[in-house]
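J.: The file below is coords.txt, compact mmCIF, C-alpha atoms:
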# COMPACT_ATOMS: atom_id res chain seq x y z
CA MET D 1 -78.31 123.42 134.93
CA ARG D 2 -75.87 122.66 132.17
CA PHE D 3 -76.65 120.50 129.16
CA GLY D 4 -74.70 117.92 127.21
CA ILE D 5 -75.11 115.59 124.27
CA PHE D 6 -73.96 112.00 124.40
CA TYR D 7 -72.56 109.66 121.76
CA GLU D 8 -72.29 105.89 121.60
CA HIS D 9 -72.09 105.94 117.78
CA GLN D 10 -74.87 103.39 117.49
CA LEU D 11 -75.14 101.55 114.20
CA PRO D 12 -77.92 98.96 113.94
CA ARG D 13 -77.66 96.30 111.26
CA PRO D 14 -77.76 95.90 108.30
CA TRP D 15 -74.50 97.72 107.61
CA THR D 16 -74.36 99.07 104.07
CA GLU D 17 -71.24 100.53 102.45
CA GLY D 18 -70.44 104.01 103.75
CA LEU D 19 -72.94 103.91 106.65
CA GLU D 20 -70.28 103.93 109.38
CA GLN D 21 -68.50 106.86 107.73
CA LYS D 22 -71.77 108.79 107.50
CA LEU D 23 -72.47 108.07 111.17
CA PHE D 24 -69.22 109.74 112.25
CA GLN D 25 -69.51 112.65 109.83
CA ASP D 26 -73.09 113.34 110.92
CA ALA D 27 -72.00 113.27 114.56
CA LEU D 28 -69.28 115.84 113.88
CA ASP D 29 -71.86 118.09 112.22
CA GLN D 30 -74.16 117.69 115.22
CA VAL D 31 -71.40 118.61 117.67
CA GLU D 32 -70.52 121.67 115.62
CA LEU D 33 -74.18 122.70 115.69
CA ALA D 34 -74.44 122.07 119.45
CA ASP D 35 -71.41 124.30 119.99
CA ARG D 36 -73.04 127.15 118.07
CA LEU D 37 -76.31 126.67 119.97
CA GLY D 38 -74.65 126.96 123.39
CA PHE D 39 -74.62 123.39 124.67
CA ASP D 40 -72.09 122.90 127.45
CA ASN D 41 -70.69 119.42 126.84
CA VAL D 42 -70.32 116.64 124.33
CA TRP D 43 -69.67 113.25 125.92
CA GLU D 44 -68.06 110.41 123.97
CA VAL D 45 -67.85 106.84 125.26
CA GLU D 46 -65.09 104.28 124.93
CA HIS D 47 -66.39 100.81 124.10
CA HIS D 48 -64.88 97.82 122.36
CA PHE D 49 -66.57 95.02 120.42
CA LEU D 50 -70.12 96.09 121.36
CA GLU D 51 -71.56 95.74 117.86
CA GLU D 52 -74.55 97.93 116.95
CA TYR D 53 -74.70 99.41 120.47
CA SER D 54 -71.44 101.37 120.28
CA HIS D 55 -68.85 101.81 117.55
CA SER D 56 -66.88 104.31 119.62
CA SER D 57 -63.60 102.55 120.29
CA ALA D 58 -61.28 105.56 119.81
CA PRO D 59 -62.99 108.52 121.53
CA GLU D 60 -59.77 110.53 121.69
CA VAL D 61 -59.72 110.66 117.87
CA PHE D 62 -63.35 111.74 117.58
CA LEU D 63 -62.99 114.37 120.32
CA ALA D 64 -59.84 115.72 118.71
CA ALA D 65 -61.79 116.17 115.49
CA CYS D 66 -64.54 117.91 117.47
CA SER D 67 -61.97 120.23 119.01
CA GLN D 68 -61.08 121.67 115.63
CA ARG D 69 -64.69 122.28 114.60
CA THR D 70 -65.86 123.94 117.83
CA LYS D 71 -64.97 126.91 120.04
CA GLN D 72 -66.80 126.64 123.38
CA ILE D 73 -68.32 123.24 124.01
CA ARG D 74 -66.41 121.09 126.51
CA LEU D 75 -65.11 117.75 125.28
CA GLY D 76 -66.00 114.95 127.64
CA HIS D 77 -64.54 111.47 127.77
CA GLY D 78 -67.58 109.63 128.96
CA ILE D 79 -65.56 107.54 129.65
CA VAL D 80 -61.93 106.37 129.31
CA LEU D 81 -61.62 102.72 130.31
CA MET D 82 -58.92 102.97 132.97
CA PRO D 83 -57.89 99.40 133.97
CA PRO D 84 -54.38 99.03 132.51
CA GLY D 85 -55.45 96.05 130.42
CA TYR D 86 -57.32 98.55 128.25
CA ASN D 87 -55.09 101.61 128.46
CA HIS D 88 -51.73 102.12 130.14
CA PRO D 89 -52.14 105.05 132.58
CA ALA D 90 -49.23 106.97 131.04
CA ARG D 91 -50.85 106.73 127.60
CA VAL D 92 -54.10 108.05 129.06
CA ALA D 93 -52.26 110.98 130.66
CA GLU D 94 -50.53 111.78 127.37
CA ARG D 95 -53.76 111.65 125.36
CA ILE D 96 -55.83 113.66 127.85
CA ALA D 97 -53.15 116.36 128.04
CA THR D 98 -52.74 116.51 124.27
CA LEU D 99 -56.49 116.83 123.73
CA ASP D 100 -56.56 119.58 126.35
CA LEU D 101 -53.83 121.43 124.46
CA VAL D 102 -55.40 121.19 121.02
CA SER D 103 -58.80 122.21 122.43
CA ASN D 104 -57.44 125.13 124.47
CA GLY D 105 -58.39 123.60 127.80
CA ARG D 106 -61.85 122.13 127.20
CA VAL D 107 -61.43 118.51 128.30
CA GLU D 108 -63.53 116.67 130.89
CA TRP D 109 -61.77 113.48 132.00
CA GLY D 110 -64.41 110.83 132.60
CA THR D 111 -63.26 107.41 133.77
CA GLY D 112 -64.72 103.93 134.19
CA GLU D 113 -64.05 100.22 134.20
CA SER D 114 -66.79 98.54 132.06
CA SER D 115 -69.16 95.72 132.92
CA ALA D 116 -69.41 94.09 129.49
CA LEU D 117 -67.76 90.70 129.17
CA LEU D 118 -67.10 91.32 125.47
CA GLU D 119 -64.75 94.13 126.51
CA LEU D 120 -63.37 92.66 129.70
CA GLY D 121 -62.72 89.28 128.10
CA GLY D 122 -61.38 90.77 124.89
CA TYR D 123 -58.67 92.65 126.78
CA LYS D 124 -58.35 90.01 129.52
CA VAL D 125 -59.25 92.39 132.32
CA PRO D 126 -60.20 90.24 135.36
CA LEU D 127 -63.80 90.89 136.36
CA ALA D 128 -63.09 90.64 140.08
CA GLU D 129 -60.18 93.09 139.88
CA LYS D 130 -61.55 95.79 137.61
CA ARG D 131 -62.64 98.24 140.33
CA ASN D 132 -59.29 98.08 142.13
CA ALA D 133 -57.44 98.37 138.80
CA TRP D 134 -59.55 101.44 137.89
CA ARG D 135 -58.80 103.11 141.20
CA GLU D 136 -55.05 102.50 141.03
CA ALA D 137 -54.85 103.72 137.43
CA VAL D 138 -56.93 106.87 138.01
CA GLU D 139 -54.87 107.99 140.99
CA GLN D 140 -51.57 107.42 139.24
CA CYS D 141 -52.72 108.99 135.97
CA ALA D 142 -53.67 112.15 137.89
CA ASN D 143 -50.22 112.11 139.51
CA MET D 144 -48.60 111.82 136.07
CA MET D 145 -50.36 114.94 134.80
CA ALA D 146 -49.67 116.94 137.96
CA MET D 147 -46.07 115.97 138.86
CA SER D 148 -42.72 116.72 137.15
CA PRO D 149 -41.30 114.17 137.09
CA TYR D 150 -43.72 111.41 137.98
CA PRO D 151 -41.80 109.53 140.70
CA GLY D 152 -42.58 106.05 139.38
CA PHE D 153 -44.81 103.37 140.83
CA GLU D 154 -44.80 99.71 141.74
CA GLY D 155 -48.44 98.71 141.92
CA GLN D 156 -50.66 95.69 141.78
CA TYR D 157 -51.89 96.33 138.24
CA PHE D 158 -49.08 98.26 136.58
CA SER D 159 -45.58 99.49 137.29
CA MET D 160 -43.31 102.05 135.69
CA PRO D 161 -40.09 103.90 136.58
CA ALA D 162 -39.71 107.62 137.17
CA ARG D 163 -40.50 109.58 134.02
CA ASN D 164 -41.68 113.07 133.22
CA VAL D 165 -44.96 112.44 131.39
CA VAL D 166 -45.38 115.12 128.73
CA PRO D 167 -47.15 117.13 127.54
CA LYS D 168 -48.92 118.64 130.51
CA PRO D 169 -52.56 119.74 130.18
CA VAL D 170 -53.76 123.34 129.94
CA GLN D 171 -56.06 122.77 132.91
CA ARG D 172 -53.76 122.33 135.89
CA PRO D 173 -53.27 120.16 137.79
CA HIS D 174 -55.46 118.07 135.46
CA PRO D 175 -58.85 118.34 133.72
CA PRO D 176 -62.02 117.78 135.78
CA LEU D 177 -62.26 114.14 136.83
CA TRP D 178 -65.44 112.02 136.62
CA VAL D 179 -66.48 108.40 137.02
CA ALA D 180 -69.31 106.52 135.30
CA CYS D 181 -72.05 105.57 137.78
CA SER D 182 -74.84 103.11 137.12
CA ASN D 183 -76.08 102.74 140.69
CA ARG D 184 -76.29 104.52 143.99
CA GLU D 185 -73.21 102.85 145.46
CA THR D 186 -70.96 104.21 142.70
CA ILE D 187 -72.44 107.67 143.31
CA LYS D 188 -71.26 107.36 146.91
CA LEU D 189 -67.81 106.25 145.76
CA ALA D 190 -67.56 109.28 143.46
CA ALA D 191 -68.35 111.58 146.39
CA ARG D 192 -65.77 109.91 148.63
CA LEU D 193 -63.10 110.38 145.98
CA GLY D 194 -64.08 113.96 145.13
CA ILE D 195 -64.92 113.33 141.47
CA GLY D 196 -67.92 114.05 139.31
CA ALA D 197 -70.63 111.42 138.92
CA LEU D 198 -71.59 110.62 135.33
CA THR D 199 -74.77 108.69 135.98
CA PHE D 200 -75.94 106.37 133.24
CA ALA D 201 -79.04 105.12 135.01
CA PHE D 202 -82.46 106.45 134.04
CA VAL D 203 -83.93 107.40 137.41
CA ASP D 204 -87.12 109.24 138.30
CA PRO D 205 -86.90 112.61 140.08
CA ALA D 206 -87.60 111.15 143.53
CA GLU D 207 -84.70 108.73 143.19
CA ALA D 208 -82.53 111.40 141.58
CA LYS D 209 -82.96 113.57 144.68
CA GLN D 210 -81.76 110.71 146.89
CA TRP D 211 -78.68 110.25 144.69
CA VAL D 212 -77.90 113.98 144.76
CA ASP D 213 -78.43 114.24 148.52
CA ASP D 214 -76.23 111.19 149.15
CA TYR D 215 -73.49 112.54 146.91
CA TYR D 216 -73.19 116.00 148.45
CA ARG D 217 -73.59 114.75 152.04
CA ILE D 218 -70.76 112.25 151.58
CA PHE D 219 -68.63 114.78 149.68
CA LYS D 220 -68.88 117.19 152.62
CA GLU D 221 -68.26 114.59 155.33
CA GLU D 222 -65.97 111.92 153.90
CA CYS D 223 -64.20 113.11 150.76
CA VAL D 224 -60.54 112.19 150.33
CA PRO D 225 -59.62 113.36 146.81
CA ILE D 226 -58.19 110.75 144.47
CA GLY D 227 -56.87 113.49 142.18
CA HIS D 228 -55.10 116.80 142.68
CA ALA D 229 -58.37 118.74 142.26
CA VAL D 230 -61.98 117.97 143.11
CA ASN D 231 -64.98 118.09 140.79
CA PRO D 232 -68.22 118.05 142.80
CA ASN D 233 -70.79 117.56 140.07
CA ILE D 234 -73.60 115.20 139.12
CA ALA D 235 -74.64 114.66 135.49
CA MET D 236 -77.66 112.52 134.68
CA VAL D 237 -78.74 111.15 131.33
CA SER D 238 -82.13 111.70 129.78
CA SER D 239 -83.97 110.58 126.70
CA PHE D 240 -84.32 113.34 124.14
CA GLY D 241 -86.40 114.16 121.10
CA LEU D 242 -88.28 117.37 120.43
CA HIS D 243 -91.08 118.43 118.12
CA GLN D 244 -93.99 120.82 118.51
CA ASP D 245 -96.28 117.81 117.98
CA VAL D 246 -95.69 115.21 120.71
CA ASP D 247 -96.86 112.35 118.49
CA GLU D 248 -94.33 113.35 115.85
CA ALA D 249 -91.61 113.58 118.51
CA ARG D 250 -92.38 110.02 119.54
CA ARG D 251 -92.51 108.82 115.96
CA ARG D 252 -89.08 110.28 115.27
CA PHE D 253 -87.23 109.40 118.47
CA ARG D 254 -88.93 106.76 120.61
CA ASP D 255 -87.80 103.66 118.72
CA GLY D 256 -84.22 104.96 118.69
CA PHE D 257 -84.22 105.43 122.45
CA ARG D 258 -85.82 102.03 122.98
CA PHE D 259 -83.13 100.44 120.84
CA PHE D 260 -80.54 102.17 123.02
CA GLN D 261 -82.05 100.53 126.09
CA PHE D 262 -82.49 97.16 124.40
CA ALA D 263 -78.94 97.00 123.03
CA LEU D 264 -77.59 98.12 126.41
CA GLY D 265 -79.48 95.31 128.07
CA TRP D 266 -78.36 92.85 125.41
CA HIS D 267 -74.64 93.50 125.88
CA TYR D 268 -74.71 94.00 129.65
CA GLY D 269 -77.65 92.00 130.92
CA PHE D 270 -79.42 89.27 129.01
CA GLY D 271 -77.88 88.78 125.55
CA GLU D 272 -75.74 86.11 123.93
CA GLN D 273 -73.50 87.61 121.28
CA ILE D 274 -71.87 85.74 118.42
CA PRO D 275 -69.16 88.20 117.28
CA GLY D 276 -69.74 89.38 113.74
CA ARG D 277 -73.00 87.45 113.35
CA THR D 278 -75.67 88.37 115.92
CA ASP D 279 -78.24 90.85 114.57
CA ILE D 280 -79.40 92.89 117.57
CA TRP D 281 -81.66 95.14 115.50
CA GLU D 282 -83.57 92.08 114.29
CA LYS D 283 -84.04 90.85 117.85
CA PHE D 284 -85.11 94.34 118.90
CA GLN D 285 -87.88 94.32 116.30
CA VAL D 286 -89.30 91.16 117.86
CA ALA D 287 -89.17 92.63 121.37
CA LEU D 288 -90.52 96.04 120.32
CA ALA D 289 -93.97 94.64 119.56
CA ASN D 290 -94.34 93.68 123.23
CA MET D 291 -93.14 96.94 124.77
CA PRO D 292 -95.64 99.20 126.58
CA GLU D 293 -97.04 102.28 124.91
CA GLU D 294 -95.63 104.58 127.60
CA ALA D 295 -92.39 104.29 129.57
CA ALA D 296 -91.20 106.50 132.43
CA ALA D 297 -87.69 106.96 131.00
CA GLU D 298 -89.08 108.56 127.82
CA GLY D 299 -90.01 111.88 129.43
CA GLY D 300 -87.41 113.73 127.35
CA ILE D 301 -89.19 112.83 124.11
CA ALA D 302 -91.75 115.59 124.11
CA THR D 303 -92.82 119.05 123.03
CA PRO D 304 -90.68 121.96 124.23
CA GLU D 305 -93.10 122.56 127.10
CA GLY D 306 -93.11 118.87 128.00
CA LEU D 307 -89.31 118.75 128.08
CA ARG D 308 -89.21 121.92 130.13
CA GLU D 309 -91.39 120.28 132.78
CA HIS D 310 -89.22 117.14 132.64
CA LEU D 311 -86.03 119.16 133.21
CA ARG D 312 -87.47 121.27 136.01
CA LYS D 313 -87.76 118.11 138.09
CA PHE D 314 -84.02 117.45 137.72
CA ASP D 315 -83.27 121.10 138.43
CA GLU D 316 -85.27 120.99 141.65
CA CYS D 317 -83.33 117.88 142.74
CA GLY D 318 -80.01 119.70 142.45
CA VAL D 319 -78.69 117.89 139.36
CA ASP D 320 -75.80 119.86 137.85
CA GLN D 321 -76.04 118.68 134.25
CA VAL D 322 -78.50 116.76 132.09
CA THR D 323 -76.97 114.83 129.22
CA PHE D 324 -79.22 113.92 126.31
CA ILE D 325 -79.31 110.59 124.50
CA GLN D 326 -80.10 111.88 121.03
CA GLN D 327 -77.99 109.63 118.76
CA ALA D 328 -79.65 106.25 119.18
CA GLY D 329 -80.92 103.46 116.98
CA ARG D 330 -81.86 104.78 113.58
CA ASN D 331 -82.65 108.34 114.63
CA LYS D 332 -82.17 110.55 111.59
CA HIS D 333 -79.46 113.18 111.45
CA GLU D 334 -81.81 115.93 110.24
CA HIS D 335 -84.31 115.17 113.02
CA ILE D 336 -81.56 115.32 115.65
CA CYS D 337 -80.39 118.71 114.35
CA GLU D 338 -83.95 120.07 114.30
CA ALA D 339 -84.48 118.91 117.88
CA LEU D 340 -81.22 120.49 119.09
CA GLU D 341 -82.20 123.80 117.49
CA LEU D 342 -85.70 123.68 118.97
CA PHE D 343 -84.30 122.96 122.43
CA ALA D 344 -81.84 125.86 122.22
CA GLY D 345 -84.51 128.20 120.92
CA GLU D 346 -87.33 127.40 123.33
CA VAL D 347 -86.08 125.52 126.41
CA MET D 348 -82.43 126.09 127.24
CA GLY D 349 -82.67 129.77 128.17
CA GLU D 350 -84.77 129.25 131.29
CA PHE D 351 -82.07 127.11 132.87
CA LYS D 352 -79.02 128.91 131.49
CA GLU D 353 -79.94 132.30 132.89
CA ARG D 354 -79.63 131.03 136.48
CA GLU D 355 -76.51 128.91 135.98
CA ALA D 356 -73.77 131.43 136.82
CA GLU D 357 -75.39 132.40 140.11
CA ARG D 358 -76.05 128.75 141.01
CA GLU D 359 -72.39 127.90 140.38
CA ARG D 360 -71.22 130.86 142.49
CA ARG D 361 -73.40 129.86 145.46
CA LYS D 362 -72.36 126.23 145.17
CA ALA D 363 -68.62 127.05 145.11
CA GLU D 364 -69.01 129.30 148.14
CA GLU D 365 -70.90 126.62 150.07
CA LEU D 366 -68.43 123.84 149.29
CA ALA D 367 -65.19 125.81 149.77
CA PRO D 368 -64.58 124.87 153.44
CA PHE D 369 -65.40 121.23 152.74
CA VAL D 370 -62.96 121.15 149.83
CA GLU D 371 -60.24 122.58 152.06
CA ALA D 372 -60.95 119.92 154.69
CA ALA D 373 -60.95 117.16 152.07
CA PHE D 374 -57.45 118.02 150.86
CA LYS D 375 -56.16 118.00 154.44
CA ARG D 376 -57.19 114.34 154.59
CA LYS D 377 -55.41 113.38 151.36
CA GLN D 378 -52.10 111.49 151.42
CA TRP D 379 -50.01 112.99 148.62
CA MET D 380 -47.48 111.12 146.53
CA ARG D 381 -44.05 112.33 147.58
CA PRO D 382 -42.18 114.17 144.81
CA LEU D 383 -38.56 113.21 144.15
CA ALA D 384 -35.74 115.51 145.16
CA ASP D 385 -33.38 116.36 142.32
CA ASP D 386 -30.70 113.96 143.54
CA GLU D 387 -33.27 111.15 143.79
CA ILE D 388 -34.26 111.24 140.11
CA PRO D 389 -32.48 108.30 138.48
CA PRO D 390 -30.69 109.13 135.21
CA VAL D 391 -31.52 107.12 132.09
CA ILE D 392 -28.43 106.49 129.98
CA ALA D 393 -29.06 106.42 126.23
CA LEU D 394 -28.97 102.98 124.65
CA GLY D 395 -26.11 103.81 122.29
CA ARG D 396 -23.92 104.97 125.16
CA GLN D 397 -24.78 101.84 127.17
CA VAL D 398 -23.76 99.64 124.24
CA ALA D 399 -20.49 101.50 123.79
CA GLU D 400 -19.65 101.43 127.49
CA GLN D 401 -20.47 97.73 127.75
CA ALA D 402 -18.30 97.00 124.71
CA ALA D 403 -15.42 98.95 126.26
CA LYS D 404 -15.69 97.00 129.49
CA SER D 405 -15.79 93.62 127.77
CA GLY D 406 -13.11 94.39 125.20
CA ALA D 407 -15.53 93.69 122.34
CA PRO D 408 -15.10 95.73 119.17
CA LEU D 409 -17.04 98.98 119.16
CA PRO D 410 -19.78 99.46 116.60
CA PRO D 411 -18.88 101.71 113.66
CA ALA D 412 -18.56 105.30 114.83
CA ASN D 413 -21.14 107.83 113.78
CA PRO D 414 -19.17 111.02 113.03
CA ASN D 415 -22.01 113.28 114.11
CA ARG D 416 -22.54 111.35 117.34
CA THR D 417 -18.82 111.39 118.10
CA ALA D 418 -18.70 115.16 117.66
CA TRP D 419 -21.62 115.68 120.03
CA VAL D 420 -20.11 113.37 122.68
CA GLN D 421 -16.80 115.17 122.48
CA ALA D 422 -18.51 118.55 122.80
CA LEU D 423 -20.42 117.38 125.88
CA GLU D 424 -17.28 115.93 127.46
CA ARG D 425 -15.44 119.21 126.96
CA ALA D 426 -18.36 121.00 128.61
CA GLY D 427 -18.50 118.48 131.46
CA ALA D 428 -22.23 118.03 130.72
CA LYS D 429 -22.66 114.37 129.91
CA LYS D 430 -25.54 114.12 132.38
Represent the structure contained in this file as structure tokens.
T.:
Amino acid sequence: MRFGIFYEHQLPRPWTEGLEQKLFQDALDQVELADRLGFDNVWEVEHHFLEEYSHSSAPEVFLAACSQRTKQIRLGHGIVLMPPGYNHPARVAERIATLDLVSNGRVEWGTGESSALLELGGYKVPLAEKRNAWREAVEQCANMMAMSPYPGFEGQYFSMPARNVVPKPVQRPHPPLWVACSNRETIKLAARLGIGALTFAFVDPAEAKQWVDDYYRIFKEECVPIGHAVNPNIAMVSSFGLHQDVDEARRRFRDGFRFFQFALGWHYGFGEQIPGRTDIWEKFQVALANMPEEAAAEGGIATPEGLREHLRKFDECGVDQVTFIQQAGRNKHEHICEALELFAGEVMGEFKEREAERERRKAEELAPFVEAAFKRKQWMRPLADDEIPPVIALGRQVAEQAAKSGAPLPPANPNRTAWVQALERAGAKK
């Protein structure tokens, strides 16, 4: 298996001066450490207005900073909110490609739509339309990165004319494509569209096996790629917190993970948020006293041997990557770093040593199914050269309109006039 670390940039109240800055600087240090230790991925969410739970509203900025402090670790958007109310597809294509360039081809392009009313309502994304808007935007964004020029599009959720969207990414036709999955039905959708499944549900190994089996069966039988490349992969999240003493591991990390779950439930399930006023940490303290001593989702908070056993269950199910929730609640930076180092030193090697061979066998097995999937895809038709509409510069349009109407021309720019005359002599105005 491969291993990733995951960031919401959680910041429970009270918020003292400089705490948010420290949160981001600590996270950058952790990612730099994870890169040196051999972790495969860092995943960074995009959320808006979800106080305390996630202060990660500009993941492209954070990941760009990570790109300059790391060499190997892959930089995962986990995820970009794709409905055009959040992000215009062309802007997503530009940002993904630019991040891929500055990181030398290390981007993973995770996508999603959100289910939090604070986000959906804040950007006026219709709840009933968000899945269809996501699908339209993802397909067209992939086309923008892969085609020169992009032929233009008149859709239900956005429209734009023919343009060549630049820059283009290092990873052609586009970086690996994923979608956030919180239930089994979205896993099936990911398989049908040929994209990786970033699962953010904490499932036991028996259920995980059903999800994995469903995904690869549907991928083989029904896949019609939404992008220009497929990414058959399943990543599942896990709690995380290591110490040689299990009681100390729980003392350091359990409350942080429980806050992660509580704040998630608050914003997505049962809460009532007054923007700028509600104190979720305070409410969590009340609920914490009534939580059970043991919880099934906390299997990743353990000794190295305990975590090894926990991960073997995912490995046996066929999970491709386990992503750790290590930055949660008030977990301390130094404890997170110690746990990452302990994991790399005592647990990671068992799973890493088999990874190259597993990937080779998997690629060989899926190759004929990938070929069949692309035969089912309906491709966007590229424009022939004589079909690409020219775009006349605004200054020239103004001058030509003035000439037609007999209105006085604007004052001539000597430099512009010289360039126009040179182009006319060369017969190269277009």
J.: Around the point (-83.6, 108.9, 123.2), in the coordinates given by the file, pick out the residues reaching within 12 Å, counting only C-alpha atoms, and return them as a ChimeraX atom specification.
T.: /D:5-8,10,202,237-242,249-262,295,297-302,323-332,335-336,339
J.: Give the answer as one residue: which of D:Gln244, D:Ser103, D:Cys141, D:Val125 has the shortest atom-to-atom distance to His88 in chain D, using all atoms listed in the file?
T.: D:Cys141
J.: In Å, rounded to a single decimal, give me how far CA of Glu222 in chain D is from CA of Leu81 in chain D.
T.: 25.7 Å
J.: So that I can check the surroundings of Arg131 in chain D, please list as a ChimeraX atom specification every protein, DNA and RNA residue that reaches within 9 Å of it, counting all atoms listed in the file and ignoring chain neighbours fewer than 6 positions away.
T.: /D:83,112-113
J.: From the set D:Glu119, D:Ala206, D:Pro89, D:His267, which residue has the shortest atom-to-atom contact distance to Gly155 in chain D, counting only C-alpha atoms?
T.: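 Among the listed residues, D:Pro89 lies closest to Gly155 in chain D.
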J.: Which residue is closest to Arg308 in chain D? Choose from D:Glu294, D:Asp26, D:Glu129, D:Glu346 and count only C-alpha atoms.
T.: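 Ranking D:Glu294, D:Asp26, D:Glu129, D:Glu346 by distance to Arg308 in chain D, first place goes to D:Glu346.
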J.: Please work out which residues fall within 8 Å of (-59.2, 110.4, 142.0), coordinates as given in the file, with all atoms listed in the file counting, and return them as JSON, numbers by chain.
T.: {"D": [135, 138, 139, 142, 177, 193, 194, 195, 225, 226, 227, 228]}
J.: CA of Trp281 in chain D to CA of Tyr53 in chain D: how many Å, to one decimal?
T.: 9.6 Å
J.: Please identify all polymer residues within 12 Å of Ser115 in chain D, counting all atoms listed in the file, omitting same-chain residues fewer than 6 positions from it, and present them as a list in words.
T.: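 Returned residues: His47, His48, Leu50, Leu81, Pro83, Gly121, Val125, Pro126, Leu127, Ala128, Glu129, Lys130, Arg131, Ala180, Cys181, Ser182, Leu264, Gly265, His267, Tyr268 and Gly269 of chain D.
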